[in-house]
file structure-v8.txt (compact mmCIF, C-alpha atoms)
# COMPACT_ATOMS: atom_id res chain seq x y z
CA MET A 1432 -18.53 -2.06 9.39
CA MET A 1433 -17.78 -5.44 10.87
CA ASN A 1434 -14.09 -4.81 11.42
CA ASP A 1435 -14.03 -5.04 15.15
CA MET A 1436 -15.92 -8.33 15.12
CA LYS A 1437 -13.14 -10.01 13.20
CA GLN A 1438 -10.10 -11.46 14.85
CA ILE A 1439 -7.47 -10.98 12.21
CA LYS A 1440 -4.40 -13.05 12.95
CA HIS A 1441 -2.52 -13.06 9.66
CA HIS A 1442 -1.34 -9.71 8.41
CA LEU A 1443 0.47 -8.18 5.45
CA THR A 1444 4.23 -8.50 5.41
CA GLU A 1445 6.57 -5.54 5.68
CA PRO A 1446 7.73 -5.72 2.03
CA LEU A 1447 4.11 -5.57 0.88
CA LEU A 1448 3.33 -2.58 3.09
CA ILE A 1449 6.45 -0.76 1.90
CA GLY A 1450 5.62 -1.64 -1.69
CA TYR A 1451 2.10 -0.27 -1.33
CA ALA A 1452 3.36 2.86 0.46
CA ALA A 1453 5.92 3.47 -2.29
CA GLY A 1454 3.55 2.69 -5.16
CA THR A 1455 5.74 -0.05 -6.59
CA LEU A 1456 3.44 -3.10 -6.39
CA PRO A 1457 1.51 -4.47 -9.36
CA GLU A 1458 -2.17 -3.47 -9.44
CA ALA A 1459 -3.33 -6.98 -8.49
CA PHE A 1460 -1.30 -6.86 -5.28
CA ASN A 1461 -2.43 -3.30 -4.53
CA LEU A 1462 -6.00 -4.55 -4.67
CA VAL A 1463 -5.34 -7.28 -2.10
CA VAL A 1464 -3.42 -4.86 0.14
CA ALA A 1465 -6.12 -2.16 -0.05
CA THR A 1466 -8.86 -4.70 0.62
CA HIS A 1467 -7.06 -6.18 3.62
CA ILE A 1468 -6.35 -2.73 5.07
CA THR A 1469 -10.03 -1.83 4.75
CA MET A 1470 -10.66 -4.78 7.09
CA CYS A 1471 -7.59 -4.46 9.35
CA ASP A 1472 -6.71 -1.55 11.63
CA THR A 1473 -3.33 -3.02 12.53
CA CYS A 1474 -2.15 -2.90 8.92
CA ARG A 1475 -3.85 0.46 8.34
CA ALA A 1476 -1.70 1.94 11.11
CA ALA A 1477 1.41 0.14 9.85
CA LEU A 1478 0.84 1.53 6.35
CA ALA A 1479 0.61 5.06 7.78
CA GLU A 1480 4.03 4.50 9.26
CA TYR A 1481 5.59 3.31 6.02
CA GLU A 1482 4.07 6.28 4.24
CA ALA A 1483 5.75 8.48 6.84
CA VAL A 1484 9.07 6.84 6.00
CA GLY A 1485 8.36 7.54 2.33
CA GLY A 1486 7.76 11.20 3.10
CA GLU A 1487 11.09 11.44 4.89
CA VAL A 1488 12.88 9.66 2.05
CA MET A 1489 11.39 12.26 -0.28
CA LEU A 1490 12.56 15.11 1.96
CA GLU A 1491 16.08 13.68 2.12
CA SER A 1492 16.45 13.22 -1.62
CA ASN A 1493 18.44 15.91 -3.42
CA PRO A 1494 16.02 18.59 -4.61
CA VAL A 1495 15.74 19.00 -8.38
CA ASP A 1496 15.06 22.49 -9.79
CA VAL A 1497 11.56 22.94 -11.12
CA ALA A 1498 10.84 25.06 -14.20
CA GLU A 1499 11.17 28.81 -13.70
CA ASP A 1500 7.47 29.37 -14.26
CA ALA A 1501 6.40 26.25 -12.34
CA LEU A 1502 4.64 28.08 -9.51
CA ALA A 1503 2.79 30.38 -11.92
CA ALA A 1504 1.83 27.42 -14.11
CA THR A 1505 0.53 25.54 -11.07
CA LEU A 1506 -1.51 28.52 -9.88
CA ALA A 1507 -2.94 28.84 -13.39
CA MET A 1508 -3.88 25.16 -13.26
CA ILE A 1509 -5.61 25.74 -9.91
CA ASP A 1510 -7.43 28.83 -11.20
CA GLY A 1511 -8.50 26.94 -14.31
CA GLY A 1512 -10.23 24.38 -12.11
CA ALA A 1513 -8.20 21.49 -13.51
CA LEU A 1514 -7.80 18.36 -11.43
CA GLN A 1515 -11.04 18.72 -9.56
CA GLN A 1516 -11.79 15.67 -7.52
CA LYS A 1517 -14.06 12.97 -8.75
CA PRO A 1518 -16.98 12.20 -6.49
CA ALA A 1519 -16.40 9.22 -4.23
CA PRO A 1520 -17.83 5.98 -5.63
CA VAL A 1521 -21.06 4.73 -4.12
CA ARG A 1522 -20.41 1.59 -2.13
CA ALA A 1523 -22.52 -0.98 -0.38
CA ARG A 1524 -21.82 -1.31 3.32
CA ASP A 1525 -23.10 -4.81 3.94
CA SER A 1526 -21.38 -6.50 0.99
CA VAL A 1527 -18.96 -9.38 1.47
CA PHE A 1528 -16.73 -7.36 -0.88
CA PRO A 1529 -15.00 -4.50 0.96
CA GLY A 1530 -14.97 -1.06 -0.71
CA PRO A 1531 -11.88 -1.30 -2.93
CA LEU A 1532 -13.05 -4.64 -4.30
CA GLN A 1533 -16.48 -3.27 -5.21
CA ASP A 1534 -14.77 -1.17 -7.90
CA TYR A 1535 -13.67 -4.42 -9.59
CA VAL A 1536 -16.70 -6.66 -9.01
CA SER A 1537 -20.25 -5.79 -9.85
CA GLY A 1538 -22.89 -7.77 -8.06
CA ASP A 1539 -23.01 -10.08 -5.08
CA ILE A 1540 -21.64 -13.57 -4.67
CA ASP A 1541 -24.51 -15.41 -6.33
CA SER A 1542 -24.91 -13.11 -9.33
CA LEU A 1543 -21.25 -13.27 -10.44
CA LYS A 1544 -20.16 -15.24 -13.50
CA TRP A 1545 -18.12 -17.89 -11.72
CA ARG A 1546 -16.17 -20.40 -13.80
CA LYS A 1547 -15.69 -23.92 -12.51
CA VAL A 1548 -12.04 -24.88 -12.14
CA GLY A 1549 -12.52 -28.45 -10.93
CA GLY A 1550 -13.21 -30.14 -7.63
CA GLY A 1551 -16.20 -27.87 -7.05
CA VAL A 1552 -13.97 -24.79 -6.84
CA SER A 1553 -14.93 -21.78 -9.00
CA GLN A 1554 -13.10 -18.60 -9.84
CA LEU A 1555 -13.61 -15.18 -11.33
CA VAL A 1556 -10.57 -13.44 -12.80
CA LEU A 1557 -10.62 -9.69 -12.21
CA ASP A 1558 -9.38 -7.16 -14.71
CA THR A 1559 -6.04 -5.65 -13.71
CA ASP A 1560 -2.97 -4.36 -15.57
CA GLY A 1561 0.60 -5.42 -15.06
CA ASP A 1562 2.57 -8.52 -14.31
CA ALA A 1563 0.37 -10.01 -11.62
CA SER A 1564 -3.17 -11.34 -11.74
CA VAL A 1565 -5.96 -11.51 -9.20
CA ARG A 1566 -9.07 -13.67 -8.91
CA LEU A 1567 -11.92 -14.43 -6.59
CA LEU A 1568 -12.07 -18.05 -5.49
CA ARG A 1569 -15.17 -19.79 -4.23
CA ILE A 1570 -14.38 -22.99 -2.38
CA PRO A 1571 -17.42 -24.98 -1.23
CA ALA A 1572 -17.46 -25.79 2.47
CA GLY A 1573 -15.32 -28.83 3.21
CA THR A 1574 -13.61 -28.83 -0.20
CA ALA A 1575 -9.89 -28.79 -0.92
CA VAL A 1576 -8.09 -26.67 -3.51
CA PRO A 1577 -5.63 -28.93 -5.40
CA ASP A 1578 -2.16 -29.11 -3.85
CA HIS A 1579 -0.03 -26.46 -5.49
CA GLY A 1580 3.25 -24.62 -5.19
CA HIS A 1581 4.29 -21.19 -6.40
CA ARG A 1582 7.10 -19.75 -8.38
CA GLY A 1583 6.51 -16.20 -7.27
CA THR A 1584 4.30 -14.87 -4.51
CA GLU A 1585 0.66 -15.75 -3.90
CA LEU A 1586 -1.48 -13.60 -1.61
CA THR A 1587 -4.74 -15.14 -0.43
CA LEU A 1588 -7.15 -12.94 1.50
CA VAL A 1589 -10.21 -14.58 3.07
CA LEU A 1590 -13.40 -12.56 2.60
CA GLN A 1591 -15.89 -15.06 3.94
CA GLY A 1592 -15.66 -18.44 5.67
CA ALA A 1593 -12.27 -19.93 6.46
CA PHE A 1594 -9.68 -22.36 5.17
CA THR A 1595 -6.99 -24.42 6.79
CA ASP A 1596 -3.75 -25.55 5.20
CA GLU A 1597 -0.45 -27.02 6.36
CA GLU A 1598 0.44 -23.62 7.85
CA ASP A 1599 -2.56 -22.55 9.90
CA ARG A 1600 -6.22 -21.60 9.88
CA PHE A 1601 -7.20 -18.48 7.91
CA GLY A 1602 -10.50 -16.77 8.69
CA ALA A 1603 -12.21 -13.66 7.33
CA GLY A 1604 -9.72 -10.80 7.02
CA ASP A 1605 -6.67 -13.06 7.28
CA VAL A 1606 -4.15 -12.94 4.47
CA GLU A 1607 -1.73 -15.75 3.65
CA VAL A 1608 1.49 -14.72 1.92
CA ALA A 1609 2.93 -17.78 0.18
CA ASN A 1610 6.30 -17.85 -1.49
CA GLU A 1611 7.90 -20.48 -3.64
CA ASP A 1612 8.92 -22.63 -0.71
CA LEU A 1613 5.30 -23.28 0.26
CA HIS A 1614 3.36 -26.19 -1.15
CA HIS A 1615 -0.07 -26.23 0.36
CA THR A 1616 -3.52 -27.75 0.11
CA PRO A 1617 -6.06 -25.27 1.45
CA VAL A 1618 -9.27 -26.91 2.68
CA ALA A 1619 -12.40 -24.80 3.23
CA GLU A 1620 -14.02 -25.23 6.61
CA GLU A 1621 -17.41 -26.83 7.00
CA GLY A 1622 -20.42 -24.59 7.41
CA MET A 1623 -20.07 -21.95 4.72
CA ASP A 1624 -18.41 -21.52 1.31
CA CYS A 1625 -15.02 -19.90 1.56
CA ILE A 1626 -14.59 -16.81 -0.64
CA CYS A 1627 -11.03 -15.61 -1.17
CA LEU A 1628 -9.28 -12.90 -3.12
CA ALA A 1629 -6.06 -14.37 -4.48
CA ALA A 1630 -3.26 -12.62 -6.36
CA THR A 1631 -0.16 -14.13 -7.94
CA ASP A 1632 2.78 -12.69 -9.80
CA ALA A 1633 3.62 -16.03 -11.45
CA PRO A 1634 1.56 -19.04 -12.52
CA LEU A 1635 0.77 -21.54 -9.79
CA ARG A 1636 2.37 -24.97 -10.01
CA PHE A 1637 0.01 -27.83 -9.39
CA ASN A 1638 1.30 -31.23 -8.34
CA GLY A 1639 0.02 -34.22 -10.27
CA LEU A 1640 -0.71 -34.54 -13.95
CA MET A 1641 -4.43 -33.79 -14.10
CA PRO A 1642 -4.31 -30.38 -12.45
CA ARG A 1643 -1.39 -29.42 -14.70
CA ILE A 1644 -3.40 -30.24 -17.80
CA ALA A 1645 -6.41 -28.44 -16.36
CA GLN A 1646 -4.22 -25.42 -15.69
CA LYS A 1647 -3.66 -24.98 -19.41
CA PHE A 1648 -7.37 -24.58 -19.94
CA ILE A 1649 -8.38 -22.54 -16.97
CA GLY A 1650 -5.48 -20.15 -17.10
CA ILE A 1651 -4.24 -20.18 -13.53
CA MET B 753 26.47 -34.82 -14.27
CA LEU B 754 24.48 -34.11 -17.33
CA THR B 755 21.28 -33.85 -15.30
CA GLU B 756 22.88 -31.39 -12.96
CA THR B 757 23.96 -29.15 -15.78
CA ASN B 758 20.47 -29.21 -17.20
CA THR B 759 18.97 -28.28 -13.88
CA LEU B 760 21.28 -25.31 -13.58
CA THR B 761 20.51 -24.08 -17.06
CA LYS B 762 16.82 -24.34 -16.37
CA ALA B 763 17.09 -22.47 -13.11
CA ASP B 764 19.11 -19.74 -14.75
CA ALA B 765 16.46 -19.28 -17.40
CA LEU B 766 13.78 -18.53 -14.85
CA PRO B 767 12.90 -14.90 -14.27
CA PRO B 768 14.25 -13.51 -11.01
CA VAL B 769 12.03 -14.46 -8.12
CA VAL B 770 10.54 -11.60 -6.19
CA THR B 771 9.45 -12.49 -2.70
CA TYR B 772 7.16 -10.59 -0.42
CA GLY B 773 7.11 -13.14 2.37
CA GLU B 774 8.40 -12.90 5.86
CA ALA B 775 11.10 -15.51 5.46
CA ASN B 776 13.91 -13.03 4.90
CA ALA B 777 12.59 -10.23 7.04
CA LEU B 778 14.68 -9.51 10.08
CA PRO B 779 13.27 -7.76 13.14
CA LEU B 780 13.86 -4.03 13.24
CA ARG B 781 16.33 -2.98 15.87
CA LYS B 782 15.21 -0.50 18.44
CA VAL B 783 17.02 2.80 18.25
CA ARG B 784 17.22 5.30 21.06
CA LYS B 785 15.23 8.33 20.07
CA LYS B 786 16.81 11.76 19.93
CA GLN B 787 14.97 14.76 21.28
CA VAL B 788 13.41 16.96 18.65
CA THR B 789 14.64 20.54 18.88
CA PRO B 790 12.12 23.38 19.20
CA GLU B 791 13.40 24.68 15.83
CA ALA B 792 12.63 21.40 14.09
CA THR B 793 9.18 21.27 15.69
CA ALA B 794 8.53 24.86 14.64
CA LYS B 795 9.53 24.07 11.04
CA ARG B 796 7.15 21.12 10.90
CA MET B 797 4.30 23.07 12.50
CA ALA B 798 4.89 25.96 10.09
CA TRP B 799 4.07 23.60 7.22
CA VAL B 800 0.85 22.63 8.98
CA VAL B 801 -0.08 26.29 9.40
CA GLN B 802 0.69 26.92 5.72
CA VAL B 803 -1.62 24.09 4.63
CA TYR B 804 -4.32 25.55 6.90
CA ALA B 805 -3.81 28.98 5.32
CA VAL B 806 -4.29 27.45 1.85
CA ARG B 807 -7.39 25.64 3.08
CA ASP B 808 -8.98 28.54 4.95
CA SER B 809 -8.06 31.61 2.92
CA LYS B 810 -6.57 30.33 -0.35
CA ASP B 811 -3.37 32.00 0.79
CA ARG B 812 -1.02 32.17 -2.22
CA LYS B 813 1.97 33.25 -0.18
CA ALA B 814 1.68 30.22 2.08
CA PHE B 815 1.22 28.05 -1.00
CA ALA B 816 4.35 29.56 -2.57
CA GLU B 817 6.32 28.68 0.59
CA LEU B 818 5.14 25.08 0.47
CA PHE B 819 5.81 24.98 -3.26
CA GLY B 820 9.34 26.31 -2.87
CA TYR B 821 10.25 23.63 -0.38
CA PHE B 822 8.31 20.60 -1.56
CA ALA B 823 8.07 20.87 -5.36
CA PRO B 824 11.82 20.25 -5.98
CA ARG B 825 11.68 17.25 -3.65
CA VAL B 826 8.56 15.83 -5.26
CA LYS B 827 10.26 16.22 -8.65
CA SER B 828 13.34 14.46 -7.36
CA PHE B 829 11.24 11.56 -6.04
CA LEU B 830 9.43 11.23 -9.37
CA MET B 831 12.63 11.29 -11.42
CA LYS B 832 14.26 8.72 -9.19
CA SER B 833 11.12 6.61 -9.64
CA GLY B 834 11.71 6.58 -13.38
CA ALA B 835 9.97 9.68 -14.76
CA SER B 836 11.71 11.76 -17.45
CA PRO B 837 12.48 15.36 -16.38
CA ASP B 838 9.57 16.71 -18.47
CA LEU B 839 7.07 14.21 -17.13
CA ALA B 840 8.33 14.73 -13.58
CA GLU B 841 7.89 18.50 -13.97
CA GLU B 842 4.32 18.15 -15.23
CA CYS B 843 3.49 15.61 -12.57
CA THR B 844 5.02 17.77 -9.79
CA GLN B 845 2.81 20.71 -10.75
CA GLU B 846 -0.21 18.44 -10.62
CA VAL B 847 0.81 17.14 -7.22
CA MET B 848 1.08 20.68 -5.87
CA ALA B 849 -2.26 21.67 -7.43
CA THR B 850 -3.80 18.60 -5.76
CA LEU B 851 -2.40 19.82 -2.44
CA TRP B 852 -4.37 23.04 -2.97
CA ASN B 853 -7.55 21.21 -3.93
CA LYS B 854 -7.37 18.67 -1.11
CA ALA B 855 -6.13 20.95 1.67
CA HIS B 856 -9.44 20.44 3.50
CA GLN B 857 -8.67 16.72 3.81
CA PHE B 858 -5.35 17.23 5.57
CA ASP B 859 -5.36 16.16 9.22
CA PRO B 860 -2.12 16.76 11.18
CA THR B 861 -3.08 14.17 13.80
CA LYS B 862 -3.01 11.46 11.12
CA ALA B 863 -0.10 12.51 8.91
CA SER B 864 2.64 15.09 8.78
CA VAL B 865 2.73 17.46 5.80
CA SER B 866 5.70 15.58 4.32
CA THR B 867 3.83 12.27 4.57
CA TRP B 868 0.69 13.72 3.09
CA ILE B 869 2.48 15.26 0.10
CA PHE B 870 4.39 12.03 -0.40
CA THR B 871 1.14 10.05 -0.69
CA ILE B 872 -0.23 12.56 -3.21
CA ALA B 873 2.98 12.21 -5.25
CA ARG B 874 2.87 8.42 -4.95
CA ASN B 875 -0.72 8.35 -6.21
CA ARG B 876 0.07 10.67 -9.12
CA LYS B 877 3.05 8.49 -9.99
CA ILE B 878 0.77 5.45 -10.33
CA ASP B 879 -1.82 7.43 -12.33
CA ILE B 880 0.61 8.99 -14.77
CA LEU B 881 3.69 6.78 -14.94
CA ARG B 882 2.02 3.42 -14.59
CA LYS B 883 -1.42 4.39 -15.93
CA GLN B 884 -3.07 1.82 -13.71
CA ARG B 885 -6.12 1.84 -11.54
CA ARG B 886 -5.21 2.51 -7.97
CA PRO B 887 -7.18 0.56 -5.38
CA GLU B 888 -7.24 2.43 -2.08
CA PRO B 889 -8.36 1.33 1.37
CA GLU B 890 -11.82 2.59 2.16
CA ASP B 891 -11.69 5.65 4.41
CA LEU B 892 -12.93 5.13 7.90
CA PRO B 893 -16.19 6.89 8.66
CA TRP B 894 -14.54 9.39 11.00
CA GLY B 895 -17.72 11.39 11.09
CA PRO B 896 -18.01 15.15 11.52
CA GLU B 897 -14.49 16.22 12.35
CA ALA B 898 -13.72 18.32 15.36
CA GLU B 899 -10.70 20.61 15.05
CA PRO B 900 -7.75 18.21 15.40
CA ASP B 901 -6.20 18.09 18.84
CA GLN B 902 -3.18 20.41 18.90
CA ALA B 903 -1.06 18.29 21.23
CA GLU B 904 -1.66 15.21 19.12
CA ALA B 905 -0.81 17.10 15.96
CA ILE B 906 2.47 18.32 17.47
CA GLY B 907 3.24 14.82 18.74
CA LEU B 908 2.84 13.30 15.30
CA GLN B 909 4.89 16.03 13.58
CA GLN B 910 7.69 15.46 16.12
CA GLU B 911 7.64 11.72 15.68
CA THR B 912 7.88 12.16 11.94
CA GLU B 913 10.83 14.52 12.45
CA GLN B 914 12.47 11.82 14.60
CA LEU B 915 11.92 9.33 11.84
CA GLY B 916 13.51 11.73 9.35
CA GLN B 917 16.51 12.33 11.61
CA ALA B 918 16.96 8.62 12.18
CA LEU B 919 16.86 8.09 8.43
CA ALA B 920 19.44 10.80 7.85
CA THR B 921 21.85 9.32 10.39
CA LEU B 922 21.60 5.73 9.20
CA PRO B 923 24.74 4.15 7.83
CA GLU B 924 24.97 5.01 4.12
CA GLU B 925 24.38 1.45 2.98
CA GLN B 926 21.14 1.05 4.92
CA ARG B 927 19.84 4.44 3.91
CA LYS B 928 20.46 3.64 0.24
CA LEU B 929 18.58 0.36 0.69
CA ILE B 930 15.51 2.15 1.99
CA GLU B 931 15.68 4.80 -0.72
CA ARG B 932 15.92 2.15 -3.41
CA ALA B 933 12.86 0.42 -1.99
CA TYR B 934 10.84 3.64 -2.19
CA PHE B 935 12.12 4.54 -5.64
CA GLY B 936 11.10 1.12 -6.90
CA GLU B 937 14.61 -0.10 -7.60
CA LEU B 938 14.23 -2.83 -5.04
CA SER B 939 11.19 -5.02 -5.22
CA HIS B 940 12.54 -7.37 -2.64
CA SER B 941 12.26 -8.18 1.02
CA GLN B 942 15.84 -7.00 1.57
CA ILE B 943 14.32 -3.66 2.51
CA ALA B 944 12.97 -5.05 5.71
CA ALA B 945 16.37 -6.07 6.95
CA GLU B 946 18.21 -4.32 9.76
CA THR B 947 17.27 -0.74 9.13
CA GLY B 948 16.76 0.16 12.75
CA LEU B 949 14.31 3.00 12.11
CA PRO B 950 12.25 4.06 15.14
CA LEU B 951 9.11 2.49 13.79
CA GLY B 952 6.25 1.85 16.13
CA THR B 953 5.41 5.24 17.60
CA ILE B 954 3.36 6.59 14.72
CA LYS B 955 1.78 3.21 14.26
CA SER B 956 0.68 3.03 17.89
CA ARG B 957 -0.59 6.62 17.83
CA ILE B 958 -2.77 5.90 14.82
CA ARG B 959 -3.84 2.56 16.27
CA LEU B 960 -4.94 4.38 19.44
CA ALA B 961 -6.95 6.89 17.44
CA LEU B 962 -8.66 4.06 15.56
CA ASP B 963 -9.48 2.23 18.79
CA ARG B 964 -10.95 5.41 20.24
CA LEU B 965 -13.05 5.90 17.14
CA ARG B 966 -14.37 2.36 17.21
CA HIS B 967 -15.20 2.78 20.86
CA ALA B 968 -17.02 6.06 20.22
CA MET B 969 -19.12 4.48 17.49
CA LYS B 970 -20.41 1.59 19.60

call {"tool": "encode", "arguments": {"input": "structure-v8.txt", "output": "structure tokens"}}
result
Amino acid sequence: MMNDMKQIKHHLTEPLLIGYAAGTLPEAFNLVVATHITMCDTCRAALAEYEAVGGEVMLESNPVDVAEDALAATLAMIDGGALQQKPAPVRARDSVFPGPLQDYVSGDIDSLKWRKVGGGVSQLVLDTDGDASVRLLRIPAGTAVPDHGHRGTELTLVLQGAFTDEEDRFGAGDVEVANEDLHHTPVAEEGMDCICLAATDAPLRFNGLMPRIAQKFIGI
Amino acid sequence: MLTETNTLTKADALPPVVTYGEANALPLRKVRKKQVTPEATAKRMAWVVQVYAVRDSKDRKAFAELFGYFAPRVKSFLMKSGASPDLAEECTQEVMATLWNKAHQFDPTKASVSTWIFTIARNRKIDILRKQRRPEPEDLPWGPEAEPDQAEAIGLQQETEQLGQALATLPEEQRKLIERAYFGELSHSQIAAETGLPLGTIKSRIRLALDRLRHAMK
């Protein structure tokens, strides 16, 4: 694990941690949260805390009677060997894709079926259910992603390399949480391609006519 | 004038915007912590012992005790999260059976019993109600586990009790806000505002444990 070599400066926000703890986020966001936490001890500890709050909320809620035979039915389920655990998935340790992401991506960076989205940037949309979507972005070193704004929330987690936008510099492990008030032009740093995991719960809004037309075709 | 009207109509037609950013999040107020009574500590530690009894000797009496207390609360959580009574019942039984099957994974220095059962219920909720894949952070390679440190286990159970007491004594409005966030009725950053829960202690305890682990592995 390379966790302790990384200096993570940009963390998950409280609403995201609570949403993950409560199980209310769309799958695409859960994937970004789980991937960041795999890389970030600070957020791992913070999540444990919000799960503790969830446990106490559950204790405080008015108990609802279970079926009369519920205990017997549960013991029968246990005796029947139902709900045995699945074996843990086999995961590569040295991959640029942290564990949770490996369940969604098969292969390494160069073997994936990237699709060009213009300006040298490529993407790979991952398969998730629900109202949000998530993609891998590959931004060649020194290249800019077209200026865009958001209607909902966009989470961008850096897996490799770094980018800089109007807000700050984001390196490996950093996550940028952008809401509708942010218009930004991320530029990948020189030296190495920047690989990001990006989730949105609404289409991005690109400024300028060409990107908007392109958007229709590339589906972002 | 006409343009303005159009703008308004357009804005109204947009779906409600959900934000997860920090813009609206207010800092949590610090709350003076109350002492945890020996009775409350004993109650929390009794749950730990019951989980151990299930783990070590498949103790059905201990399981029945846990079931009697937690199953109605798990069911309540699931119904408030949108499950029908029948589905919540089925799901609750599966949560409790999972507790039995996973008892060997429980570590009282990392979570209290209430927290642990909550996460099992949360996971089952996503599996059954939402039928979605559930990405989880990769477990840390904790390595061969020594018997968890008793003092640390008690410390964490007490801090969780403090959290529960603080939650129970919050002003009604704030408590409802937090509940709604956990039941999924509030997908908004309002939750973060002014709740004043004694957050920070459990986080720093777990952070310390992680630091120690990293250090040990170097």

call {"tool": "closest_residue", "arguments": {"input": "structure-v8.txt", "among": "B:Lys877, B:Ala863, B:Glu899, B:Arg885", "to": "A:Glu1480", "atoms": "only C-alpha atoms"}}
result
B:Ala863

call {"tool": "residues_around", "arguments": {"input": "structure-v8.txt", "residues": "A:Val1488", "least_positions_apart": "5", "cutoff": "9 Å", "atoms": "all atoms listed in the file", "output": "mmCIF file with C-alpha atoms, keeping the file's coordinate frame"}}
result
data_model
loop_
_atom_site.group_PDB
_atom_site.id
_atom_site.type_symbol
_atom_site.label_atom_id
_atom_site.label_comp_id
_atom_site.auth_asym_id
_atom_site.auth_seq_id
_atom_site.Cartn_x
_atom_site.Cartn_y
_atom_site.Cartn_z
ATOM 1 C CA ALA A 1483 5.750 8.480 6.840
ATOM 2 C CA PHE B 829 11.240 11.560 -6.040
ATOM 3 C CA GLY B 916 13.510 11.730 9.350
ATOM 4 C CA LEU B 919 16.860 8.090 8.430
ATOM 5 C CA ALA B 920 19.440 10.800 7.850
ATOM 6 C CA ARG B 927 19.840 4.440 3.910
ATOM 7 C CA ILE B 930 15.510 2.150 1.990
ATOM 8 C CA GLU B 931 15.680 4.800 -0.720
ATOM 9 C CA TYR B 934 10.840 3.640 -2.190
#

call {"tool": "closest_residue", "arguments": {"input": "structure-v8.txt", "among": "A:Val1464, A:Ala1452, A:Cys1474, A:Ala1498", "to": "B:Asp838", "atoms": "all atoms listed in the file"}}
result
A:Ala1498

call {"tool": "atom_distance", "arguments": {"input": "structure-v8.txt", "atom1": "atom CA of A:Asn1461", "atom2": "atom CA of A:Ser1526"}}
result
20.0 Å

call {"tool": "atom_distance", "arguments": {"input": "structure-v8.txt", "atom1": "atom CA of A:Glu1491", "atom2": "atom CA of A:Ala1513"}}
result
29.9 Å

call {"tool": "closest_residue", "arguments": {"input": "structure-v8.txt", "among": "B:Arg807, B:Arg874, B:Lys795, B:His856", "to": "chain A", "atoms": "all atoms listed in the file"}}
result
B:Arg874

call {"tool": "closest_residue", "arguments": {"input": "structure-v8.txt", "among": "B:Ala816, B:Ala835, B:Val806, B:Val847", "to": "B:Asn875", "atoms": "only C-alpha atoms"}}
result
B:Val847

call {"tool": "closest_residue", "arguments": {"input": "structure-v8.txt", "among": "A:Lys1544, A:Arg1524, A:Arg1600, A:Arg1582", "to": "chain B", "atoms": "only C-alpha atoms"}}
result
A:Arg1582

call {"tool": "closest_residue", "arguments": {"input": "structure-v8.txt", "among": "B:Gly907, B:Gly820, B:Pro889, B:Pro860", "to": "chain A", "atoms": "only C-alpha atoms"}}
result
B:Pro889

call {"tool": "atom_distance", "arguments": {"input": "structure-v8.txt", "atom1": "atom CA of A:Ile1540", "atom2": "atom CA of A:Asp1560"}}
result
23.5 Å

call {"tool": "build_atoms", "arguments": {"input": "structure-v8.txt", "residues": "stretch 909-920 of chain B", "atoms": "N, CA and C atoms", "output": "PDB file, in the coordinates of the input"}}
result
ATOM      1  N   GLN B 909       3.876  15.329  14.380  1.00  0.00           N
ATOM      2  CA  GLN B 909       4.890  16.030  13.580  1.00  0.00           C
ATOM      3  C   GLN B 909       6.286  15.755  14.157  1.00  0.00           C
ATOM      4  N   GLN B 910       6.380  15.711  15.500  1.00  0.00           N
ATOM      5  CA  GLN B 910       7.690  15.460  16.120  1.00  0.00           C
ATOM      6  C   GLN B 910       8.162  14.045  15.862  1.00  0.00           C
ATOM      7  N   GLU B 911       7.237  13.104  15.933  1.00  0.00           N
ATOM      8  CA  GLU B 911       7.640  11.720  15.680  1.00  0.00           C
ATOM      9  C   GLU B 911       8.105  11.530  14.244  1.00  0.00           C
ATOM     10  N   THR B 912       7.457  12.256  13.336  1.00  0.00           N
ATOM     11  CA  THR B 912       7.880  12.160  11.940  1.00  0.00           C
ATOM     12  C   THR B 912       9.264  12.787  11.767  1.00  0.00           C
ATOM     13  N   GLU B 913       9.503  13.888  12.468  1.00  0.00           N
ATOM     14  CA  GLU B 913      10.830  14.520  12.450  1.00  0.00           C
ATOM     15  C   GLU B 913      11.886  13.528  12.977  1.00  0.00           C
ATOM     16  N   GLN B 914      11.545  12.824  14.061  1.00  0.00           N
ATOM     17  CA  GLN B 914      12.470  11.820  14.600  1.00  0.00           C
ATOM     18  C   GLN B 914      12.788  10.749  13.579  1.00  0.00           C
ATOM     19  N   LEU B 915      11.743  10.339  12.884  1.00  0.00           N
ATOM     20  CA  LEU B 915      11.920   9.330  11.840  1.00  0.00           C
ATOM     21  C   LEU B 915      12.875   9.862  10.770  1.00  0.00           C
ATOM     22  N   GLY B 916      12.659  11.119  10.370  1.00  0.00           N
ATOM     23  CA  GLY B 916      13.510  11.730   9.350  1.00  0.00           C
ATOM     24  C   GLY B 916      14.957  11.832   9.820  1.00  0.00           C
ATOM     25  N   GLN B 917      15.148  12.222  11.081  1.00  0.00           N
ATOM     26  CA  GLN B 917      16.510  12.330  11.610  1.00  0.00           C
ATOM     27  C   GLN B 917      17.177  10.967  11.673  1.00  0.00           C
ATOM     28  N   ALA B 918      16.402   9.973  12.097  1.00  0.00           N
ATOM     29  CA  ALA B 918      16.960   8.620  12.180  1.00  0.00           C
ATOM     30  C   ALA B 918      17.371   8.141  10.793  1.00  0.00           C
ATOM     31  N   LEU B 919      16.558   8.474   9.808  1.00  0.00           N
ATOM     32  CA  LEU B 919      16.860   8.090   8.430  1.00  0.00           C
ATOM     33  C   LEU B 919      18.153   8.755   7.963  1.00  0.00           C
ATOM     34  N   ALA B 920      18.281  10.039   8.308  1.00  0.00           N
ATOM     35  CA  ALA B 920      19.440  10.800   7.850  1.00  0.00           C
ATOM     36  C   ALA B 920      20.738  10.302   8.510  1.00  0.00           C
TER      37      ALA B 920
END
